[in-house]
Structure formats: C-alpha cells, structure tokens
Amino acid sequence: MKILTTVKRVTDPDMKVKIKPDQTGVVTDGVEYKMNSFDEYGVEEAIKLKEAHGGEIVVVSVGPSAATKEIRTAMAMGADRGILVETDEDLDSDAVARVLAEVIRRESPDIVVMGKQAVDSDRNQTGQILASYLDYPQATFAYSLEVADGWATVGREVDGGTATKRVKLPAIITADLRLNEPRYASLPGIMKAKRKPLETLTPSDLGVDTANKVNVLLFEAPEEREAGEIVEDIDTLIDRLKNKAKVL
Amino acid sequence: MANVLVVAEHLDGKLRKVTLPTITFASQAAALTGGEVHVLVLGNGVDAVAGEVAKYGVSKVHYANSPVFENYLAETYAPAVVKAAQAIGATVVAAPSSTTGKDLLPRVAARLDAGMVSDAIAVFDDGGIKFRRPLWAGNVLTTVEVVTPVKVVTVRTTDFEAPAEGDAASVEAFDAGVTAADNAEFVSFDQVKSERPELTDAAVVVAGGRGLKSGENFQMIMDLADTLGGAVGASRAAVDSGYAPNDWQIGQTGKVVAPDLYFAVAISGAIQHLAGMKGSKTIVAINKDADAPIFQVADFGLVGDAFEIVPALTEKLKSIV
C-alpha cells in the first residue's frame, strides 16, 4: 500500500504570536517552528497503516527550504521518502491543493492522510479542495481509520456526535484529535532519516501556477482582555456574576 | 444577479439554529453585492424545513428532496450546491462554520473555481467586499479579499445574531440532478445523548485543568456544569494527563468556545488554552496560584484551593439558579 502524508511547517503553537508593526504579517524572527500538530496525527496514522498493510510512505511539504526539517522529522518517525515543493510565497489553501494534486497525480498513492487544518492559518480547506480536484472521496475529521478491500471506514468527529463514513480508495483522509498518539522520533530513526531520499521540486516543475485566490491584506491583534477583579470569597463571586456580569 | 446562497442545515426534520446567524451574514453580504438572499435545503422530506427557514427575511428558498440526500455526504451535496449557486447567479455561497460546512464548502469552492474564506466574523465594504477572520486560534485577526468572481464563505455563527421572523418567502422545489455516489457511503451518525449541551454552543462552560490531579476529581467540574446547565471542558494538560477525554479539550488544537460564562478551574492558562477560550464573554478563574496567567484574562478571579471552592460554590449556586 502506498501512503502519502503531508506536513506543514508552522510557528510553535505554544509561543505568543506577534504582529509586525506594518500589519502585513506576523514576526518570524526568533520564532520556533514545528510540524503542524494535526499533521503529526496524519504521519502517525500513515505509519500505522504501513505497519498493518506494508508498503511505502511518501511525506510531502509545500513550503520554504527550511521545511526539510519537518520532512526529516516525519521520516525519523517512519516515513520512507520525502518531497519538498519549495516556495517562499504564502500560498492559500487552493494553491497548496493544486500543488499537492500534481504531486499525487505523479505518485498515485492508494490513500492520502493529512492534518485537518494547520494551526497557523486555521483554514481547514486543503484536504477537501484536494479531494475535489482529484475527484477523490473524502473523510474529514477522522478519529478512527480502518482499511480493507479497497475501502476505508472512517469514524469522524462531527457536531453533536460522531459519524461513520466509508470511502473508496484512493481517498483523502484528514486527521482530528483522538486518531492516535503520535510517536516520538527515536535516535536510530533520526540517524536513518538523514539518509532517506528527499526530492526538492518547485511549483513550476510541476506546472502549477500558484496565484492565490484569497489575499490577506491586514493582520491585527484582537482586543486584549484586561485582568479583572480578584474577589475575596464565593459570595462576592456570586454577587459579581449576578449583579455586574449579569450571567446568573 | 449577484445573489447570496445559504446552505441550510437541519437535523431530525428541524432547522439547525446555526443556519440563522448565517442568514444574517448573508443579508449583510447581499447588501454589499446588491443581490438577494436565497437558501438551499437538501434532504429527503425537507418541505417543512424549507417552510421554516422561509420566515427569516430571505428572498427565496430552494429545496431538493431525494433519497440521495437522505444522509449528508460531501460527494453528493457539493455538486447540488454548485448547481444551485450557478442557477441563481450566486456570487457568495455561505454556510455555517459547522463540521458540515467545513467539510462541504471547500469542495464547492474548488468546483466553482472560487476562493474561500473560513470562519468569517465580519463582512464589509472597503473598496470592494472584504471579510474578517481569525487565525492562530483567534490570536490574530485578518482582513482578506477574495479575487475570484464567486466567493465561498463559512460563517462563525457566534459572531452574528439570528434574524427576526417575518413574512414567509416563496419556496420552490429544486432539481439537483445528482445521482448516488459510487465512491462514498454514509454508515451511521451516533448522536451524543447527553443532558449537557455541546461544548461549542453552550452558554456556560466549566473547564478543569491538570491541577485537579485525577479523572475522578473531574466529578466536581461536572457537578458545577450540571448545576448551571453548562458543558464540561478540559485543558490540553488535563487531557494529556488522562484526566479527561480528548473531545473535551479546549484550546488551539482542541475546540474553540465562546460561551457567556466560562469557568477555568485549576487551569494555569497556557497560550494553547487561552487561544481556545478567551472569546468567552465572562471568564472566572479559580486557581491556588495567584500568579497563574489565567488571572490576566479573567474578569473575576478567586485565589484558593479548587477542591474546597468548587463544591462550596456548586452548593450555593444550587439555591440560586
């Protein structure tokens, strides 16, 4: 079974985001980067699929040259080879999906497992757009995945409960919380990852025009909350909730 | 015809509430595009839902009854939405930023060759139609423009009021011409039968952190939540420690909530967590560490031992609410 998974290099979600004074973006100097959290679930699930069914895992990133670090991390976890589609542009979800669609047409994987959204842009679009461009079925927000007889059975986190959907492979699966516990890269894994093949391409190598359909014009900080009142005791708290906040 | 199309949601034969703020968004967008608000209802036996949504100040409701639409599948709904959008000349297609909206609309956008905005919290004119949306779990707000003629938008429904009821609009059957998908099947929907409201639309949320020290101690969080008719949440630290299930997680990689009243109990207030809850209207923090960052965002803070404060607070609230 050939499994394709994707990783995005994002700012560390545990760090505070600072906006540039000219409001054209966020400050990136001195910022730590990591693999997008939801992609970690995708990579882990790809490894689990390989462990169960055998085959090969191809990990793909669309981003700057520095994203080779996240690709190597995925390879240290267990992916077999990597592809970086290198661009310094800030692409919208549609452009990323167009790039990934070309990679997938070249690679013809049996299944694609990716994070449901990136924790920086928070768009939650790429997997679905990609599925549409490839005319693949999709199963988003997966918390469980089983593959048998050319179909995937996917448990999905949906509003008000859970849903189960079956999709015929090849399909796009997007990972939600609960799907698995991503493993840490072992030291031998990290050593091995250094020798695994990593191909670098550009969008133009793939014949993809990366013009965005959505442009971000302005970045602003939301109104800061101010520290409120420290109350003495429970009775004061109840009084404030009743008479000041009027929420009781 | 620069109309706005709203994809309605329904469950058990009733309109889902999230559709209503989406209509308000659509009316604001239509005022900018100079078009009308149309609503699409897909399902099997949705005449009553179509009649219900027609009362909320829209111009027209289109509904399609088909066994194909009995259960939601992106693979069958997307082509139907695309056909309806083209038929009415929609330049904006909107749906709630629910799991269905998030699943469906990107597929619609790709087919309409349209740019898409997720989680819009505002629409306005600034030399053309612009949208505001949060990134980094609400730590940054951006203004975005969509350069394609058709714009597809999911709407963060907590940022728009529901419209008032008025005269009913006309309701028309719509032939979506969609056949069953051969590559996707609905298997089941397991509705959570809980007395508690859902985290993402509860008016009150009570969340516990690692400071509770065990899963058993979450019982007092549940007691307080139940007293106030609220939902139960947890910090990532509490989930990672195994004290609470994953789907209770509030934060950047968990759920984003914005209730009227939020209790953060024994939660220190890591950035991860703040990102998921600081949109709450009133925040109460209960923590024994007076220097915990949660107090920097709380409207009301109570410094002390949660194991004493929470049960006592619950008892007192029982006689009030």
# chains A, B, ... in the order shown; residues from 1 in each chain; ligands from 1
call {"tool": "residues_around", "arguments": {"residues": "Ala67 (chain A)", "least_positions_apart": "2", "cutoff": "12 Å", "atoms": "only C-alpha atoms", "output": "PyMOL selection string"}}
result
chain A and resi 6-11+33-36+59-65+69-74+82-88+198+200
call {"tool": "residues_around", "arguments": {"residues": "Gly89 (chain B)", "least_positions_apart": "5", "cutoff": "10 Å", "atoms": "only C-alpha atoms", "output": "MDAnalysis selection string"}}
result
chainID B and resid 1:5 35 83:84 150
call {"tool": "write_last_selection", "arguments": {"atoms": "N, CA and C atoms", "output": "short mmCIF file (atom, residue, chain, number, x, y, z; two decimals), in the first residue's frame"}}
result
data_model
loop_
_atom_site.label_atom_id
_atom_site.label_comp_id
_atom_site.auth_asym_id
_atom_site.auth_seq_id
_atom_site.Cartn_x
_atom_site.Cartn_y
_atom_site.Cartn_z
N MET B 1 -27.33 39.64 -11.43
CA MET B 1 -27.77 38.84 -10.29
C MET B 1 -26.60 38.47 -9.43
N ALA B 2 -26.28 39.32 -8.47
CA ALA B 2 -25.17 38.99 -7.56
C ALA B 2 -25.75 38.49 -6.25
N ASN B 3 -26.40 37.32 -6.34
CA ASN B 3 -27.12 36.81 -5.17
C ASN B 3 -26.20 36.08 -4.19
N VAL B 4 -26.76 35.86 -3.00
CA VAL B 4 -26.03 35.12 -1.97
C VAL B 4 -26.81 33.84 -1.69
N LEU B 5 -26.12 32.72 -1.71
CA LEU B 5 -26.76 31.44 -1.43
C LEU B 5 -26.32 30.93 -0.07
N GLY B 35 -27.57 41.99 -4.28
CA GLY B 35 -28.38 40.83 -4.67
C GLY B 35 -29.36 40.42 -3.59
N LYS B 83 -24.66 23.44 -8.47
CA LYS B 83 -25.73 23.64 -9.47
C LYS B 83 -26.67 24.75 -9.03
N ALA B 84 -27.02 24.76 -7.75
CA ALA B 84 -27.93 25.80 -7.24
C ALA B 84 -27.26 27.17 -7.32
N VAL B 150 -16.71 34.43 -7.75
CA VAL B 150 -17.55 33.78 -6.73
C VAL B 150 -16.71 33.61 -5.47
#
call {"tool": "interface_residues", "arguments": {"of": "chain A", "to": "chain B", "cutoff": "6 Å", "atoms": "only C-alpha atoms", "output": "number ranges by chain"}}
result
A: 14, 119-123, 125, 128-129, 132, 158-168, 213-221, 225-231
call {"tool": "write_last_selection", "arguments": {"atoms": "C-alpha atoms", "output": "compact mmCIF listing (two decimals), in the first residue's frame"}}
result
# COMPACT_ATOMS: atom_id res chain seq x y z
CA ASP A 14 2.88 27.37 22.48
CA VAL A 119 -2.73 25.68 13.48
CA ASP A 120 -1.41 28.91 11.92
CA SER A 121 -3.82 29.73 9.09
CA ASP A 122 -6.68 27.70 10.64
CA ARG A 123 -8.46 27.33 7.30
CA GLN A 125 -9.77 23.60 3.43
CA GLN A 128 -11.34 18.90 0.82
CA ILE A 129 -10.23 21.08 -2.11
CA SER A 132 -12.41 17.76 -5.27
CA VAL A 158 -18.91 15.89 13.86
CA ASP A 159 -21.16 18.39 15.62
CA GLY A 160 -23.41 16.66 18.12
CA GLY A 161 -21.71 13.27 18.00
CA THR A 162 -19.72 11.02 15.72
CA ALA A 163 -20.35 9.80 12.19
CA THR A 164 -19.03 6.83 10.28
CA LYS A 165 -18.36 7.02 6.57
CA ARG A 166 -16.90 4.58 4.05
CA VAL A 167 -14.82 5.88 1.18
CA LYS A 168 -13.40 4.01 -1.80
CA LYS A 213 -7.48 33.29 -4.94
CA VAL A 214 -7.57 34.76 -1.44
CA ASN A 215 -5.23 37.52 -0.29
CA VAL A 216 -4.62 38.56 3.28
CA LEU A 217 -4.49 42.36 3.36
CA LEU A 218 -4.11 43.19 7.02
CA PHE A 219 -3.11 41.49 10.27
CA GLU A 220 -4.46 42.86 13.55
CA ALA A 221 -4.32 41.87 17.17
CA ARG A 225 -8.64 41.22 27.60
CA GLU A 226 -7.73 43.08 30.72
CA ALA A 227 -7.22 41.43 34.05
CA GLY A 228 -10.39 41.84 36.05
CA GLU A 229 -11.08 41.73 39.73
CA ILE A 230 -9.70 39.28 42.27
CA VAL A 231 -12.64 38.57 44.57
call {"tool": "atom_distance", "arguments": {"atom1": "CA of Arg183 (chain A)", "atom2": "CA of Phe38 (chain A)"}}
result
13.2 Å
call {"tool": "residues_around", "arguments": {"residues": "Ala131 (chain A)", "least_positions_apart": "3", "cutoff": "10 Å", "atoms": "only C-alpha atoms", "output": "PDB file with C-alpha atoms, in the first residue's frame"}}
result
ATOM      1  CA  ALA A  97      -4.212  21.890  -3.052  1.00  0.00           C
ATOM      2  CA  ALA A 101      -2.874  17.408  -6.651  1.00  0.00           C
ATOM      3  CA  VAL A 112      -3.686  10.293   1.489  1.00  0.00           C
ATOM      4  CA  THR A 126      -6.809  21.942   1.745  1.00  0.00           C
ATOM      5  CA  GLY A 127      -7.836  18.286   2.105  1.00  0.00           C
ATOM      6  CA  GLN A 128     -11.336  18.903   0.824  1.00  0.00           C
ATOM      7  CA  LEU A 134      -8.662  14.774  -7.857  1.00  0.00           C
ATOM      8  CA  ASP A 135     -12.317  13.697  -7.813  1.00  0.00           C
ATOM      9  CA  TYR A 136     -11.498  11.514  -4.806  1.00  0.00           C
ATOM     10  CA  PRO A 137     -13.927  10.906  -1.964  1.00  0.00           C
ATOM     11  CA  GLN A 138     -13.026  12.498   1.373  1.00  0.00           C
ATOM     12  CA  ALA A 139     -13.352  11.664   5.041  1.00  0.00           C
ATOM     13  CA  PRO A 170      -7.866   6.357  -3.296  1.00  0.00           C
ATOM     14  CA  ALA A 171      -9.319   8.863  -0.864  1.00  0.00           C
ATOM     15  CA  ILE A 172      -8.307  11.877   1.202  1.00  0.00           C
ATOM     16  CA  ILE A 173      -8.498  11.395   4.978  1.00  0.00           C
TER      17      ILE A 173
ATOM     18  CA  GLU B  75     -19.643  13.837  -2.534  1.00  0.00           C
ATOM     19  CA  PRO B 106     -14.106  23.708   0.207  1.00  0.00           C
ATOM     20  CA  ARG B 107     -15.339  21.046  -2.215  1.00  0.00           C
ATOM     21  CA  ALA B 110     -12.983  24.031  -5.875  1.00  0.00           C
TER      22      ALA B 110
END
call {"tool": "select_by_dssp", "arguments": {"residues": "region 120-207 of chain B", "states": "helix (DSSP H, G or I)", "output": "list of chain:residue names"}}
result
B:Trp136, B:Ala137, B:Gly138, B:Thr157, B:Thr158, B:Asp159, B:Leu199, B:Thr200, B:Asp201
call {"tool": "write_last_selection", "arguments": {"atoms": "N, CA and C atoms", "output": "tab-separated table (two decimals), in the first residue's frame"}}
result
chain	number	residue	atom	x	y	z
B	136	TRP	N	-4.51	31.63	13.93
B	136	TRP	CA	-3.80	31.25	15.16
B	136	TRP	C	-4.81	31.16	16.31
B	137	ALA	N	-5.91	30.45	16.04
B	137	ALA	CA	-6.94	30.23	17.06
B	137	ALA	C	-7.40	31.54	17.71
B	138	GLY	N	-7.54	32.57	16.90
B	138	GLY	CA	-8.09	33.82	17.41
B	138	GLY	C	-7.05	34.77	17.97
B	157	THR	N	-20.72	31.42	13.51
B	157	THR	CA	-22.09	31.85	13.80
B	157	THR	C	-22.23	32.58	15.14
B	158	THR	N	-21.25	32.40	16.04
B	158	THR	CA	-21.34	33.11	17.32
B	158	THR	C	-21.11	34.61	17.14
B	159	ASP	N	-20.66	35.04	15.95
B	159	ASP	CA	-20.40	36.46	15.73
B	159	ASP	C	-21.54	37.18	15.02
B	199	LEU	N	-20.19	21.51	23.78
B	199	LEU	CA	-19.18	22.49	24.17
B	199	LEU	C	-19.22	23.75	23.31
B	200	THR	N	-19.30	23.56	22.00
B	200	THR	CA	-19.15	24.71	21.11
B	200	THR	C	-20.39	25.61	21.05
B	201	ASP	N	-21.54	25.17	21.57
B	201	ASP	CA	-22.62	26.14	21.62
B	201	ASP	C	-23.31	26.24	22.98
call {"tool": "residues_around", "arguments": {"residues": "Asp205 (chain A)", "least_positions_apart": "2", "cutoff": "12 Å", "atoms": "only C-alpha atoms", "output": "ChimeraX atom specification"}}
result
/A:84-87,99,102-103,106,199-203,207-210
call {"tool": "atom_distance", "arguments": {"atom1": "CA of Ala66 (chain A)", "atom2": "CA of Val43 (chain A)"}}
result
18.6 Å
call {"tool": "residues_around", "arguments": {"residues": "Ala175 (chain A)", "least_positions_apart": "2", "cutoff": "7 Å", "atoms": "only C-alpha atoms", "output": "MDAnalysis selection string"}}
result
chainID A and resid 38 41:42 114:116 140:143 173 177 179
call {"tool": "residues_around", "arguments": {"residues": "Lys192 (chain A)", "least_positions_apart": "4", "cutoff": "8 Å", "atoms": "only C-alpha atoms", "output": "ChimeraX atom specification"}}
result
/A:76,188,196
call {"tool": "write_last_selection", "arguments": {"atoms": "all heavy atoms", "output": "compact mmCIF listing (two decimals), in the first residue's frame"}}
result
# COMPACT_ATOMS: atom_id res chain seq x y z
N ALA A 76 11.98 10.48 10.33
CA ALA A 76 12.52 9.88 11.56
C ALA A 76 11.43 9.10 12.29
O ALA A 76 11.70 8.11 12.98
CB ALA A 76 13.10 10.98 12.45
N PRO A 188 17.82 6.20 16.63
CA PRO A 188 18.14 5.49 15.37
C PRO A 188 17.29 5.99 14.21
O PRO A 188 17.75 6.08 13.08
CB PRO A 188 17.82 4.03 15.69
CG PRO A 188 17.78 3.93 17.18
CD PRO A 188 17.43 5.28 17.70
N LYS A 196 17.55 9.03 4.17
CA LYS A 196 16.38 8.73 3.32
C LYS A 196 16.27 9.77 2.20
O LYS A 196 16.63 10.92 2.38
CB LYS A 196 15.11 8.72 4.17
CG LYS A 196 15.02 7.50 5.09
CD LYS A 196 13.74 7.49 5.90
CE LYS A 196 13.68 6.24 6.79
NZ LYS A 196 12.51 6.26 7.69
call {"tool": "closest_residue", "arguments": {"among": "B:Phe160, B:Phe174, B:Phe307, B:Tyr63", "to": "Glu9 (chain B)", "atoms": "only C-alpha atoms"}}
result
B:Tyr63
call {"tool": "residues_around", "arguments": {"residues": "Ala31 (chain B)", "least_positions_apart": "4", "cutoff": "12 Å", "atoms": "only C-alpha atoms", "output": "number ranges by chain"}}
result
B: 2-4, 24-27, 35-37, 92, 123-125, 129
call {"tool": "closest_residue", "arguments": {"among": "B:Val265, B:Leu42, B:Val205, B:Ala244", "to": "Thr76 (chain B)", "atoms": "only C-alpha atoms"}}
result
B:Leu42
call {"tool": "select_by_dssp", "arguments": {"residues": "region 68-284 of chain B", "states": "strand (DSSP E)", "output": "number ranges by chain"}}
result
B: 90-96, 115-120, 122-125, 129-135, 140-146, 151-155, 170-173, 184-191, 204-208, 231-234, 261-265, 282-284
call {"tool": "atom_distance", "arguments": {"atom1": "CA of Ala234 (chain B)", "atom2": "CA of Ala207 (chain B)"}}
result
4.7 Å
call {"tool": "closest_residue", "arguments": {"among": "B:Glu315, B:Glu161, B:Glu52, B:Glu195", "to": "Ile23 (chain B)", "atoms": "only C-alpha atoms"}}
result
B:Glu161
